Every structure is written in C-alpha cells, then in structure tokens.
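> Take a look at coords.cif, mmCIF, C-alpha atoms:
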```
data_start
#
loop_
_atom_site.label_atom_id
_atom_site.label_comp_id
_atom_site.auth_asym_id
_atom_site.auth_seq_id
_atom_site.Cartn_x
_atom_site.Cartn_y
_atom_site.Cartn_z
CA LEU A 1 0.00 0.00 0.00
CA TYR A 2 1.27 3.41 -0.91
CA THR A 3 -0.07 6.87 -0.21
CA ALA A 4 0.15 9.34 -3.09
CA THR A 5 -0.16 13.06 -2.29
CA MET A 6 -1.18 15.69 -4.82
CA SER A 7 -0.88 19.43 -4.40
CA ALA A 8 -1.15 22.17 -7.00
CA VAL A 9 -0.06 25.78 -7.30
CA ASP A 10 -1.23 27.98 -10.16
CA ASP A 11 0.71 30.76 -11.90
CA ASP A 12 -0.66 33.40 -9.50
CA GLY A 13 0.53 31.52 -6.43
CA GLY A 14 -2.89 30.14 -5.53
CA ALA A 15 -2.63 26.72 -3.97
CA ALA A 16 -5.02 23.86 -3.40
CA THR A 17 -5.06 21.89 -0.21
CA PRO A 18 -3.01 18.72 -0.71
CA ASP A 19 -5.09 15.60 -1.22
CA THR A 20 -4.07 11.98 -0.77
CA VAL A 21 -5.12 8.66 -2.18
CA THR A 22 -4.10 5.15 -1.23
CA VAL A 23 -2.67 3.12 -4.09
CA VAL A 24 -2.93 -0.65 -3.84
CA VAL A 25 -0.32 -2.61 -5.78
CA VAL A 26 -0.95 -6.34 -6.03
CA ALA A 27 1.40 -9.12 -7.06
CA ALA A 28 2.10 -10.03 -10.68
CA PRO A 29 -0.54 -12.35 -12.16
CA ARG A 30 -0.58 -15.75 -10.51
CA ARG A 31 -2.99 -18.66 -10.37
CA TRP A 32 -5.89 -18.90 -7.91
CA GLU A 33 -4.83 -20.86 -4.84
CA SER A 34 -6.94 -22.99 -2.50
CA ASN A 35 -7.58 -22.51 1.18
CA GLY A 36 -4.99 -25.25 1.80
CA PHE A 37 -2.31 -23.15 0.09
CA TRP A 38 -3.11 -20.16 2.29
CA ARG A 39 -3.21 -22.37 5.40
CA ILE A 40 0.32 -23.54 4.64
CA ASN A 41 1.51 -19.96 4.17
CA TYR A 42 -0.22 -18.47 7.21
CA GLY A 43 0.02 -21.61 9.33
CA GLY A 44 3.79 -21.66 9.59
CA ASN A 45 4.33 -24.92 7.69
CA THR A 46 7.13 -24.06 5.28
CA PRO A 47 5.48 -21.09 3.58
CA THR A 48 6.12 -20.49 -0.11
CA ILE A 49 5.51 -16.74 0.16
CA ALA A 50 7.83 -14.43 2.10
CA ALA A 51 6.58 -13.29 5.50
CA GLU A 52 6.72 -9.61 4.51
CA ASP A 53 4.57 -10.33 1.45
CA LEU A 54 2.05 -12.24 3.56
CA ALA A 55 1.88 -9.30 5.97
CA CYS A 56 1.39 -6.93 3.04
CA TYR A 57 -1.44 -9.11 1.70
CA LEU A 58 -3.22 -8.77 5.05
CA GLN A 59 -2.85 -4.99 4.84
CA ILE A 60 -4.31 -5.02 1.33
CA VAL A 61 -7.24 -7.16 2.46
CA SER A 62 -7.90 -4.94 5.48
CA HIS A 63 -7.81 -1.87 3.26
CA THR A 64 -10.05 -3.17 0.46
CA SER A 65 -12.55 -5.33 2.35
CA ALA A 66 -15.52 -4.05 4.32
CA VAL A 67 -15.57 -7.26 6.38
CA PHE A 68 -11.95 -7.51 7.46
CA GLY A 69 -10.05 -4.91 9.43
CA THR A 70 -8.65 -4.13 12.83
CA GLY A 71 -11.93 -4.75 14.62
CA ASP A 72 -15.55 -5.16 13.60
CA PRO A 73 -16.79 -7.17 12.06
CA VAL A 74 -13.79 -9.50 11.65
CA ALA A 75 -10.33 -8.68 13.00
CA LEU A 76 -7.50 -9.23 10.54
CA GLY A 77 -4.53 -7.45 12.02
CA SER A 78 -2.08 -10.32 12.28
CA THR A 79 -0.97 -13.65 10.91
CA LEU A 80 -2.66 -15.27 13.89
CA ASP A 81 -5.98 -13.65 12.92
CA ALA A 82 -5.57 -14.96 9.36
CA ARG A 83 -4.68 -18.42 10.63
CA THR A 84 -7.77 -18.50 12.88
CA ILE A 85 -10.04 -17.59 9.98
CA LEU A 86 -8.42 -19.93 7.46
CA PHE A 87 -8.52 -22.94 9.79
CA LYS A 88 -12.24 -22.58 10.54
CA ASP A 89 -13.69 -25.82 9.15
CA ASN A 90 -16.77 -25.97 11.34
CA GLY A 91 -18.71 -22.91 12.25
CA THR A 92 -21.61 -20.71 11.44
CA SER A 93 -22.47 -19.76 7.88
CA ALA A 94 -20.94 -16.35 8.58
CA GLU A 95 -17.65 -17.86 9.80
CA LEU A 96 -17.39 -20.13 6.77
CA PHE A 97 -18.21 -17.16 4.54
CA ASP A 98 -15.39 -15.22 6.24
CA ARG A 99 -12.94 -18.05 5.56
CA ASP A 100 -13.84 -18.26 1.88
CA LEU A 101 -13.92 -14.48 1.54
CA LEU A 102 -10.43 -14.23 3.02
CA VAL A 103 -9.18 -16.84 0.54
CA ALA A 104 -10.66 -14.77 -2.30
CA TRP A 105 -9.11 -11.52 -1.07
CA LEU A 106 -5.71 -13.17 -0.55
CA ASN A 107 -5.83 -14.50 -4.09
CA ILE A 108 -6.63 -11.04 -5.40
CA ALA A 109 -3.73 -9.55 -3.42
CA ASN A 110 -1.58 -12.34 -4.86
CA GLY A 111 -2.52 -11.28 -8.41
CA ALA A 112 -4.90 -14.10 -9.32
CA LEU A 113 -7.83 -11.97 -10.49
CA PRO A 114 -7.89 -8.20 -11.04
CA LEU A 115 -10.69 -6.33 -9.25
CA THR A 116 -11.66 -4.68 -12.54
CA THR A 117 -12.34 -7.97 -14.37
CA GLU A 118 -15.96 -8.27 -15.54
CA VAL A 119 -17.37 -11.64 -14.47
CA ASP A 120 -20.43 -13.85 -14.85
CA VAL A 121 -20.53 -15.63 -11.49
CA THR A 122 -24.12 -16.80 -11.84
CA GLY A 123 -23.34 -18.70 -15.05
CA ASP A 124 -26.32 -17.24 -16.91
CA GLY A 125 -24.25 -15.70 -19.71
CA VAL A 126 -24.78 -12.17 -18.38
CA LEU A 127 -21.93 -10.24 -16.76
CA ASP A 128 -22.70 -9.59 -13.08
CA GLY A 129 -20.18 -6.76 -12.79
CA THR A 130 -16.57 -6.53 -11.80
CA VAL A 131 -14.85 -8.75 -9.28
CA ALA A 132 -14.86 -5.72 -6.95
CA LYS A 133 -18.64 -5.37 -7.28
CA VAL A 134 -19.30 -9.08 -6.75
CA LEU A 135 -17.19 -9.02 -3.58
CA ALA A 136 -18.78 -5.78 -2.35
CA ASP A 137 -22.28 -7.19 -2.90
CA ALA A 138 -21.38 -10.43 -1.10
CA GLU A 139 -19.84 -8.48 1.77
CA GLN A 140 -23.00 -6.39 2.13
CA VAL A 141 -24.98 -9.59 2.68
CA ARG A 142 -22.47 -10.66 5.34
CA LEU A 143 -22.59 -7.26 7.05
CA ASP A 144 -26.38 -7.06 7.15
CA PRO A 145 -27.54 -8.36 10.54
CA ALA A 146 -30.90 -9.24 8.97
CA SER A 147 -29.32 -11.64 6.43
CA THR A 148 -30.49 -15.20 6.75
CA LYS A 149 -28.28 -18.28 6.74
CA SER A 150 -29.51 -19.01 3.22
CA GLN A 151 -28.56 -15.53 1.99
CA ILE A 152 -25.09 -15.81 3.52
CA ASP A 153 -24.66 -19.26 1.96
CA ASP A 154 -25.68 -17.85 -1.44
CA ALA A 155 -23.17 -15.00 -1.06
CA ARG A 156 -20.50 -17.53 -0.10
CA LYS A 157 -21.23 -19.51 -3.26
CA LEU A 158 -20.71 -16.39 -5.39
CA VAL A 159 -17.37 -15.73 -3.67
CA ASN A 160 -16.32 -19.33 -4.31
CA ASP A 161 -17.42 -19.11 -7.94
CA LEU A 162 -14.71 -16.50 -8.48
CA ALA A 163 -12.18 -19.32 -8.11
CA LYS A 164 -13.75 -21.15 -11.06
CA ILE A 165 -13.55 -17.99 -13.17
CA ALA A 166 -9.91 -17.36 -12.24
CA ARG A 167 -8.87 -20.89 -13.16
#
```
As a first step, turn the structure in this file into structure tokens.

Amino acid sequence: LYTATMSAVDDDGGAATPDTVTVVVVAAPRRWESNGFWRINYGGNTPTIAAEDLACYLQIVSHTSAVFGTGDPVALGSTLDARTILFKDNGTSAELFDRDLLVAWLNIANGALPLTTEVDVTGDGVLDGTVAKVLADAEQVRLDPASTKSQIDDARKLVNDLAKIAR
C-alpha cells in the first residue's frame, strides 16, 4: 500500500489543499490458490511466500474489504488472525463465509484476479459486474444483521465461484 499526495499551485501563487489517495499494488498475475495453500503460508508450515509479502497481503485485504479490518466485524490485524479464519472448518455460515472471503481476497492480493475484471458468477451468460462489485455485494450480505443463513450461503457460493472464473 502506498499513499500518493497531490498538491497544485497555479501561476498566481494560488494553492489547493493537498489531497491523498491510497494506491494498492498487487502481485504479478498468478494462479488462484486454494484454502490449503493459504493455510500452509499463514500456518507456519514451510510457507512459499515471504513473511513480509504475507503481511502486506493482510494490509491489502484490510484496506479493500468491508468485512476484514482491525476490529468489527472480523479482526485481521495479524498472521494469527488470518490463521484462525483460514482454519475454521466448522462454524456458522458467517464464519465459513469469512474463511472463503479471506481466501478470495488473498488470491486477489496475490494477483490471481484483477478487481476490474468483468465476471459472470451466476453462469447465466450475463456479466454480473466486476470482481470488486461481486465481492462488495457479497460483503454487504455478510454485514447485514438481517441476512439469513440461506442468503449468507448464497453470497458464499458467489465468492467461491470467483475461483472457477480465475482458473
């Protein structure tokens, strides 16, 4: 993650207040990896990705996701947090959604699927929007306290369908 700052001064000496934007740079294109791959890398079992890159991926996920961050709704501030989420095999629909969502975000940070890619996750031949939109829509279901188990499971399926598209 980088912060870019822009300021401008015109020919009469008038100046605009500096503005900043966060720039997210992801890895070079790679293949979509499974939860098992991310478990190995965040679980301490001979990782194939450097520790500083794994830490950077968590920062990217925390910055781009509405679900993951330093607190609510799901803490993702450390490798231990990632490990806890990734190793959740039994749990509520929301917890399993979180696991699969984290796998998707890690793959995006790892360069597997650009956020701007238009996708048809429903398989009906009609583009459903960009990867960013599909993830944002799925996250909104997860964040809505009125969402049912069935709605969360449907959102989870859409997140998992991104893996099929990336492959």
> Using only C-alpha atoms, which of A:Ser7, A:Ser147, A:Thr20, A:Gln140 sits nearest Ser65 (chain A)?
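Ranked by minimum distance to Ser65 (chain A), first place goes to A:Gln140.
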> Suppose a student applies the PyMOL selection byres ((chain A and resi 102-117) around 9) to this structure; what residues should they get, written as number ranges by chain?
A: 24-35, 38, 54, 56-58, 60-61, 64-65, 68, 82, 85-86, 97-101, 118-119, 129-133, 135, 159-160, 162-163, 165-167
> Excluding Asp161 (chain A) and any residue of its chain fewer than 5 positions from it, enumerate the residues within 9 Å of it, using only C-alpha atoms, and give them as a ChimeraX atom specification.
/A:121-122,156,166
> Quick one: residues within 7 Å of Tyr42 (chain A), only C-alpha atoms counted, chain neighbours fewer than 2 positions away excluded, as a list in words?
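Final neighbour list, sorted by chain and number: Trp38, Arg39, Ile40, Gly44, Thr79, Ala82 and Arg83 of chain A.
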> Create the file for the chosen residues now, containing C-alpha atoms and written as a PDB file, in the coordinates of the input.

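Produced file out_13.pdb, reproduced below:
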```
ATOM      1  CA  TRP A  38      -3.110 -20.160   2.290  1.00  0.00           C
ATOM      2  CA  ARG A  39      -3.210 -22.370   5.400  1.00  0.00           C
ATOM      3  CA  ILE A  40       0.320 -23.540   4.640  1.00  0.00           C
ATOM      4  CA  GLY A  44       3.790 -21.660   9.590  1.00  0.00           C
ATOM      5  CA  THR A  79      -0.970 -13.650  10.910  1.00  0.00           C
ATOM      6  CA  ALA A  82      -5.570 -14.960   9.360  1.00  0.00           C
ATOM      7  CA  ARG A  83      -4.680 -18.420  10.630  1.00  0.00           C
TER       8      ARG A  83
END
```
> Quote the spacing between CA of Thr70 (chain A) and CA of Leu143 (chain A) in Å to one decimal place.
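One can read the CA of Thr70 (chain A) to CA of Leu143 (chain A) distance as 15.4 Å.
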> Given only C-alpha atoms as the basis, pick out the residue of A:Asp19, A:Asp89, A:Asp124, A:Asp53 nearest to Gly36 (chain A).
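Once distances to Gly36 (chain A) are computed over only C-alpha atoms, the minimum belongs to A:Asp89.
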> Please compute the CA of Asn45 (chain A)-CA of Thr84 (chain A) distance, one decimal, in Å.
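A separation of 14.6 Å between them.
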> Report, in Å with one decimal, the straight-line distance from CA of Phe37 (chain A) to CA of Ile49 (chain A).
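Separation between CA of Phe37 (chain A) and CA of Ile49 (chain A): 10.1 Å.
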> Fewer than 5 positions away in the same chain doesn't count, so skip those; otherwise give me all residues within 9 Å of Pro18 (chain A), counting only C-alpha atoms, as a list in words.
Thr5, Met6, Ser7 and Ala8 of chain A
> Quick one: what's the axis-aligned box for region 12-19 of chain A, all listed atoms, 4 Å on every side, centre and edges in Å to one decimal, as JSON?

```
{"center_x": -2.3, "center_y": 24.5, "center_z": -4.9, "size_x": 13.6, "size_y": 25.8, "size_z": 17.3}
```
> So, with only C-alpha atoms as the atoms that count, which of A:Asp12, A:Asp137, A:Asp153, A:Asp128 lies closest to Ala66 (chain A)?
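Of A:Asp12, A:Asp137, A:Asp153, A:Asp128, the one nearest Ala66 (chain A) is A:Asp137, counting only C-alpha atoms.
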> Using all atoms listed in the file, pick whichever of A:Asp120, A:Thr46, A:Lys88, A:Gln151 has the shortest atom-to-atom distance to Lys164 (chain A).
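Smallest separation from Lys164 (chain A) among the options: A:Asp120.
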